[in-house]
$ cat input_25.cif   # mmCIF, N, CA and C atoms
data_structure
#
loop_
_atom_site.label_atom_id
_atom_site.label_comp_id
_atom_site.auth_asym_id
_atom_site.auth_seq_id
_atom_site.Cartn_x
_atom_site.Cartn_y
_atom_site.Cartn_z
N MET A 1 -5.56 -26.67 -11.04
CA MET A 1 -6.77 -26.41 -11.81
C MET A 1 -7.91 -26.07 -10.86
N GLN A 2 -8.74 -25.10 -11.22
CA GLN A 2 -9.86 -24.71 -10.38
C GLN A 2 -11.17 -25.12 -11.02
N THR A 3 -12.11 -25.54 -10.16
CA THR A 3 -13.45 -25.84 -10.64
C THR A 3 -14.24 -24.55 -10.70
N GLU A 4 -15.49 -24.61 -11.18
CA GLU A 4 -16.33 -23.43 -11.26
C GLU A 4 -16.57 -22.82 -9.88
N SER A 5 -16.56 -23.64 -8.83
CA SER A 5 -16.80 -23.14 -7.48
C SER A 5 -15.54 -22.55 -6.86
N GLY A 6 -14.41 -22.59 -7.60
CA GLY A 6 -13.18 -22.00 -7.09
C GLY A 6 -12.33 -22.95 -6.28
N GLN A 7 -12.68 -24.24 -6.24
CA GLN A 7 -11.92 -25.21 -5.47
C GLN A 7 -10.82 -25.81 -6.33
N GLN A 8 -9.73 -26.21 -5.68
CA GLN A 8 -8.58 -26.74 -6.38
C GLN A 8 -8.72 -28.24 -6.65
N ASN A 9 -8.29 -28.68 -7.80
CA ASN A 9 -8.19 -30.08 -8.15
C ASN A 9 -6.76 -30.35 -8.61
N SER A 10 -6.31 -31.59 -8.48
CA SER A 10 -4.98 -31.96 -8.94
C SER A 10 -5.11 -32.70 -10.26
N GLN A 11 -4.37 -32.28 -11.24
CA GLN A 11 -4.40 -32.95 -12.53
C GLN A 11 -3.45 -34.14 -12.51
N TRP A 12 -3.91 -35.28 -13.02
CA TRP A 12 -3.06 -36.46 -13.17
C TRP A 12 -2.59 -36.46 -14.62
N ARG A 13 -1.31 -36.20 -14.82
CA ARG A 13 -0.76 -36.08 -16.16
C ARG A 13 0.27 -37.17 -16.41
N CYS A 14 0.44 -37.52 -17.69
CA CYS A 14 1.44 -38.50 -18.09
C CYS A 14 2.82 -38.00 -17.67
N ARG A 15 3.61 -38.87 -17.08
CA ARG A 15 4.93 -38.47 -16.59
C ARG A 15 5.91 -38.22 -17.72
N LYS A 16 5.60 -38.67 -18.95
CA LYS A 16 6.51 -38.47 -20.07
C LYS A 16 6.07 -37.31 -20.97
N CYS A 17 4.84 -37.36 -21.48
CA CYS A 17 4.41 -36.35 -22.45
C CYS A 17 3.51 -35.26 -21.87
N GLY A 18 3.02 -35.46 -20.65
CA GLY A 18 2.19 -34.44 -20.01
C GLY A 18 0.73 -34.47 -20.38
N ALA A 19 0.27 -35.48 -21.11
CA ALA A 19 -1.14 -35.57 -21.48
C ALA A 19 -1.99 -35.73 -20.23
N LEU A 20 -3.16 -35.09 -20.21
CA LEU A 20 -4.07 -35.19 -19.07
C LEU A 20 -4.71 -36.57 -19.03
N LEU A 21 -4.53 -37.28 -17.92
CA LEU A 21 -5.10 -38.62 -17.75
C LEU A 21 -6.36 -38.59 -16.90
N GLY A 22 -6.43 -37.67 -15.96
CA GLY A 22 -7.58 -37.57 -15.07
C GLY A 22 -7.41 -36.41 -14.12
N VAL A 23 -8.44 -36.20 -13.28
CA VAL A 23 -8.41 -35.13 -12.30
C VAL A 23 -8.69 -35.73 -10.93
N ALA A 24 -7.76 -35.52 -9.99
CA ALA A 24 -7.92 -36.02 -8.62
C ALA A 24 -8.74 -35.03 -7.82
N ASP A 25 -9.73 -35.53 -7.12
CA ASP A 25 -10.61 -34.68 -6.33
C ASP A 25 -11.01 -35.44 -5.08
N ASP A 26 -10.63 -34.94 -3.91
CA ASP A 26 -10.86 -35.62 -2.63
C ASP A 26 -10.23 -37.00 -2.68
N ASP A 27 -11.05 -38.06 -2.58
CA ASP A 27 -10.50 -39.41 -2.48
C ASP A 27 -10.68 -40.23 -3.75
N HIS A 28 -10.90 -39.57 -4.88
CA HIS A 28 -11.09 -40.31 -6.14
C HIS A 28 -10.43 -39.56 -7.29
N VAL A 29 -10.28 -40.26 -8.40
CA VAL A 29 -9.80 -39.65 -9.64
C VAL A 29 -10.92 -39.77 -10.66
N GLU A 30 -11.20 -38.67 -11.34
CA GLU A 30 -12.22 -38.69 -12.38
C GLU A 30 -11.52 -38.78 -13.72
N ILE A 31 -11.91 -39.79 -14.50
CA ILE A 31 -11.32 -40.03 -15.81
C ILE A 31 -12.42 -39.92 -16.85
N ARG A 32 -12.18 -39.13 -17.89
CA ARG A 32 -13.17 -38.96 -18.96
C ARG A 32 -12.56 -39.43 -20.27
N TYR A 33 -13.35 -40.19 -21.00
CA TYR A 33 -12.94 -40.62 -22.34
C TYR A 33 -14.17 -40.66 -23.22
N LYS A 34 -14.18 -39.80 -24.21
CA LYS A 34 -15.33 -39.63 -25.11
C LYS A 34 -16.56 -39.32 -24.27
N THR A 35 -17.59 -40.16 -24.28
CA THR A 35 -18.80 -39.87 -23.50
C THR A 35 -18.81 -40.55 -22.14
N ALA A 36 -17.79 -41.35 -21.83
CA ALA A 36 -17.75 -42.07 -20.55
C ALA A 36 -17.04 -41.24 -19.48
N VAL A 37 -17.55 -41.32 -18.24
CA VAL A 37 -16.93 -40.67 -17.09
C VAL A 37 -16.78 -41.73 -16.01
N TYR A 38 -15.55 -41.91 -15.52
CA TYR A 38 -15.25 -42.89 -14.49
C TYR A 38 -14.73 -42.17 -13.26
N ARG A 39 -15.24 -42.52 -12.07
CA ARG A 39 -14.73 -42.00 -10.81
C ARG A 39 -14.20 -43.21 -10.04
N VAL A 40 -12.88 -43.20 -9.81
CA VAL A 40 -12.21 -44.39 -9.29
C VAL A 40 -11.44 -44.04 -8.02
N ARG A 41 -11.43 -44.97 -7.05
CA ARG A 41 -10.66 -44.82 -5.82
C ARG A 41 -9.62 -45.93 -5.74
N GLY A 42 -8.51 -45.64 -5.04
CA GLY A 42 -7.48 -46.65 -4.82
C GLY A 42 -6.30 -46.45 -5.75
N GLU A 43 -5.62 -47.54 -6.08
CA GLU A 43 -4.47 -47.49 -6.96
C GLU A 43 -4.92 -47.62 -8.42
N LEU A 44 -4.42 -46.72 -9.26
CA LEU A 44 -4.78 -46.74 -10.67
C LEU A 44 -3.52 -46.85 -11.50
N ALA A 45 -3.61 -47.57 -12.59
CA ALA A 45 -2.50 -47.69 -13.54
C ALA A 45 -3.08 -47.64 -14.94
N THR A 46 -2.41 -46.93 -15.82
CA THR A 46 -2.85 -46.85 -17.21
C THR A 46 -1.66 -46.53 -18.11
N ASP A 47 -1.78 -46.92 -19.35
CA ASP A 47 -0.81 -46.52 -20.35
C ASP A 47 -1.37 -45.29 -21.04
N CYS A 48 -0.54 -44.28 -21.22
CA CYS A 48 -0.94 -43.04 -21.88
C CYS A 48 -1.44 -43.34 -23.30
N ARG A 49 -2.58 -42.75 -23.67
CA ARG A 49 -3.13 -42.95 -25.01
C ARG A 49 -2.28 -42.29 -26.08
N LYS A 50 -1.49 -41.28 -25.72
CA LYS A 50 -0.66 -40.57 -26.71
C LYS A 50 0.69 -41.23 -26.92
N CYS A 51 1.41 -41.55 -25.81
CA CYS A 51 2.79 -42.02 -25.97
C CYS A 51 3.03 -43.45 -25.46
N GLY A 52 2.04 -44.04 -24.78
CA GLY A 52 2.16 -45.42 -24.33
C GLY A 52 2.91 -45.63 -23.03
N THR A 53 3.34 -44.56 -22.36
CA THR A 53 4.08 -44.67 -21.10
C THR A 53 3.16 -45.14 -19.98
N ALA A 54 3.66 -46.06 -19.15
CA ALA A 54 2.90 -46.54 -17.99
C ALA A 54 2.86 -45.44 -16.93
N ASN A 55 1.68 -45.19 -16.35
CA ASN A 55 1.48 -44.17 -15.33
C ASN A 55 0.70 -44.77 -14.17
N PHE A 56 0.99 -44.28 -12.96
CA PHE A 56 0.36 -44.79 -11.75
C PHE A 56 -0.07 -43.63 -10.87
N VAL A 57 -1.15 -43.81 -10.13
CA VAL A 57 -1.58 -42.85 -9.12
C VAL A 57 -2.27 -43.64 -8.01
N ASP A 58 -2.14 -43.15 -6.78
CA ASP A 58 -2.79 -43.76 -5.62
C ASP A 58 -3.65 -42.68 -4.98
N THR A 59 -4.97 -42.82 -5.04
CA THR A 59 -5.86 -41.78 -4.52
C THR A 59 -5.77 -41.66 -3.01
N ARG A 60 -5.19 -42.64 -2.35
CA ARG A 60 -5.03 -42.54 -0.90
C ARG A 60 -3.95 -41.52 -0.56
N ASN A 61 -3.13 -41.11 -1.54
CA ASN A 61 -2.07 -40.13 -1.32
C ASN A 61 -2.43 -38.75 -1.85
N VAL A 62 -3.65 -38.58 -2.36
CA VAL A 62 -4.07 -37.29 -2.90
C VAL A 62 -4.40 -36.37 -1.74
N GLN A 63 -3.89 -35.15 -1.79
CA GLN A 63 -4.16 -34.17 -0.74
C GLN A 63 -5.63 -33.77 -0.79
N PRO A 64 -6.32 -33.78 0.36
CA PRO A 64 -7.71 -33.33 0.35
C PRO A 64 -7.78 -31.85 0.00
N ARG A 65 -8.82 -31.48 -0.71
CA ARG A 65 -8.92 -30.08 -1.09
C ARG A 65 -9.35 -29.26 0.12
N ARG A 66 -8.90 -28.02 0.12
CA ARG A 66 -9.21 -27.12 1.22
C ARG A 66 -10.10 -26.02 0.70
N GLU A 67 -11.08 -25.67 1.52
CA GLU A 67 -11.97 -24.58 1.14
C GLU A 67 -11.22 -23.26 1.23
N ARG A 68 -11.40 -22.42 0.24
CA ARG A 68 -10.77 -21.11 0.24
C ARG A 68 -11.78 -20.10 0.77
N ARG A 69 -11.34 -19.27 1.68
CA ARG A 69 -12.23 -18.26 2.25
C ARG A 69 -11.78 -16.87 1.82
N CYS A 70 -12.74 -16.03 1.58
CA CYS A 70 -12.42 -14.65 1.25
C CYS A 70 -12.11 -13.89 2.54
N ALA A 71 -11.22 -12.92 2.46
CA ALA A 71 -10.82 -12.16 3.64
C ALA A 71 -11.88 -11.18 4.09
#

$ encode --input "input_25.cif" --output "C-alpha cells"
Amino acid sequence: MQTESGQQNSQWRCRKCGALLGVADDDHVEIRYKTAVYRVRGELATDCRKCGTANFVDTRNVQPRRERRCA
C-alpha cells in the first residue's frame, strides 16, 4: 500500500479472512477503529473483528520503509 507521499506501508491483515487490522509504518503499527487511532510499538495481538481468529505482529520485525527516488 502506498501513502499520498508515495512511500510503502505494510498492511497487517487477518491470517484467516484477510480483514485489514492495521498498517505497519517504520517501527509502529497504526490501528484505526471508528474515530480512534492507535499507534503501537512492540508485540501486538488481537482477535479479528470479523472472524475471531487470533492474530499477532511484532513491530520489531517490520521492514523499515525505503525512500523511492526518481531516475

$ resolve_selection --input "input_25.cif" --expression "the PyMOL selection byres ((chain A and resi 45-58) around 7)" --output "list of chain:residue names"
A:Cys14, A:Arg15, A:Lys16, A:Cys17, A:Arg41, A:Gly42, A:Glu43, A:Leu44, A:Thr59, A:Arg60, A:Asn61, A:Val62

$ atom_distance --input "input_25.cif" --atom1 "atom CA of A:Gln11" --atom2 "atom C of A:Thr35"
18.9 Å

$ residues_around --input "input_25.cif" --residues "stretch 20-23 of chain A" --least-positions-apart "3" --cutoff "7 Å" --atoms "all atoms listed in the file" --output "PyMOL selection string"
chain A and resi 9-14+17+28-32

$ write_last_selection --input "input_25.cif" --atoms "N, CA and C atoms" --output "mmCIF file, keeping the file's coordinate frame"
data_model
loop_
_atom_site.group_PDB
_atom_site.id
_atom_site.type_symbol
_atom_site.label_atom_id
_atom_site.label_comp_id
_atom_site.auth_asym_id
_atom_site.auth_seq_id
_atom_site.Cartn_x
_atom_site.Cartn_y
_atom_site.Cartn_z
ATOM 1 N N ASN A 9 -8.290 -28.680 -7.800
ATOM 2 C CA ASN A 9 -8.190 -30.080 -8.150
ATOM 3 C C ASN A 9 -6.760 -30.350 -8.610
ATOM 4 N N SER A 10 -6.310 -31.590 -8.480
ATOM 5 C CA SER A 10 -4.980 -31.960 -8.940
ATOM 6 C C SER A 10 -5.110 -32.700 -10.260
ATOM 7 N N GLN A 11 -4.370 -32.280 -11.240
ATOM 8 C CA GLN A 11 -4.400 -32.950 -12.530
ATOM 9 C C GLN A 11 -3.450 -34.140 -12.510
ATOM 10 N N TRP A 12 -3.910 -35.280 -13.020
ATOM 11 C CA TRP A 12 -3.060 -36.460 -13.170
ATOM 12 C C TRP A 12 -2.590 -36.460 -14.620
ATOM 13 N N ARG A 13 -1.310 -36.200 -14.820
ATOM 14 C CA ARG A 13 -0.760 -36.080 -16.160
ATOM 15 C C ARG A 13 0.270 -37.170 -16.410
ATOM 16 N N CYS A 14 0.440 -37.520 -17.690
ATOM 17 C CA CYS A 14 1.440 -38.500 -18.090
ATOM 18 C C CYS A 14 2.820 -38.000 -17.670
ATOM 19 N N CYS A 17 4.840 -37.360 -21.480
ATOM 20 C CA CYS A 17 4.410 -36.350 -22.450
ATOM 21 C C CYS A 17 3.510 -35.260 -21.870
ATOM 22 N N HIS A 28 -10.900 -39.570 -4.880
ATOM 23 C CA HIS A 28 -11.090 -40.310 -6.140
ATOM 24 C C HIS A 28 -10.430 -39.560 -7.290
ATOM 25 N N VAL A 29 -10.280 -40.260 -8.400
ATOM 26 C CA VAL A 29 -9.800 -39.650 -9.640
ATOM 27 C C VAL A 29 -10.920 -39.770 -10.660
ATOM 28 N N GLU A 30 -11.200 -38.670 -11.340
ATOM 29 C CA GLU A 30 -12.220 -38.690 -12.380
ATOM 30 C C GLU A 30 -11.520 -38.780 -13.720
ATOM 31 N N ILE A 31 -11.910 -39.790 -14.500
ATOM 32 C CA ILE A 31 -11.320 -40.030 -15.810
ATOM 33 C C ILE A 31 -12.420 -39.920 -16.850
ATOM 34 N N ARG A 32 -12.180 -39.130 -17.890
ATOM 35 C CA ARG A 32 -13.170 -38.960 -18.960
ATOM 36 C C ARG A 32 -12.560 -39.430 -20.270
#

$ atom_distance --input "input_25.cif" --atom1 "atom N of A:Ala24" --atom2 "atom N of A:Arg39"
10.5 Å

$ atom_distance --input "input_25.cif" --atom1 "atom CA of A:Val37" --atom2 "atom C of A:Asp25"
14.4 Å

$ axis_aligned_box --input "input_25.cif" --around "stretch 19-29 of chain A" --padding-each-side "5 Å" --output "JSON"
{"center_x": -5.4, "center_y": -37.5, "center_z": -12.0, "size_x": 21.4, "size_y": 15.6, "size_z": 29.0}
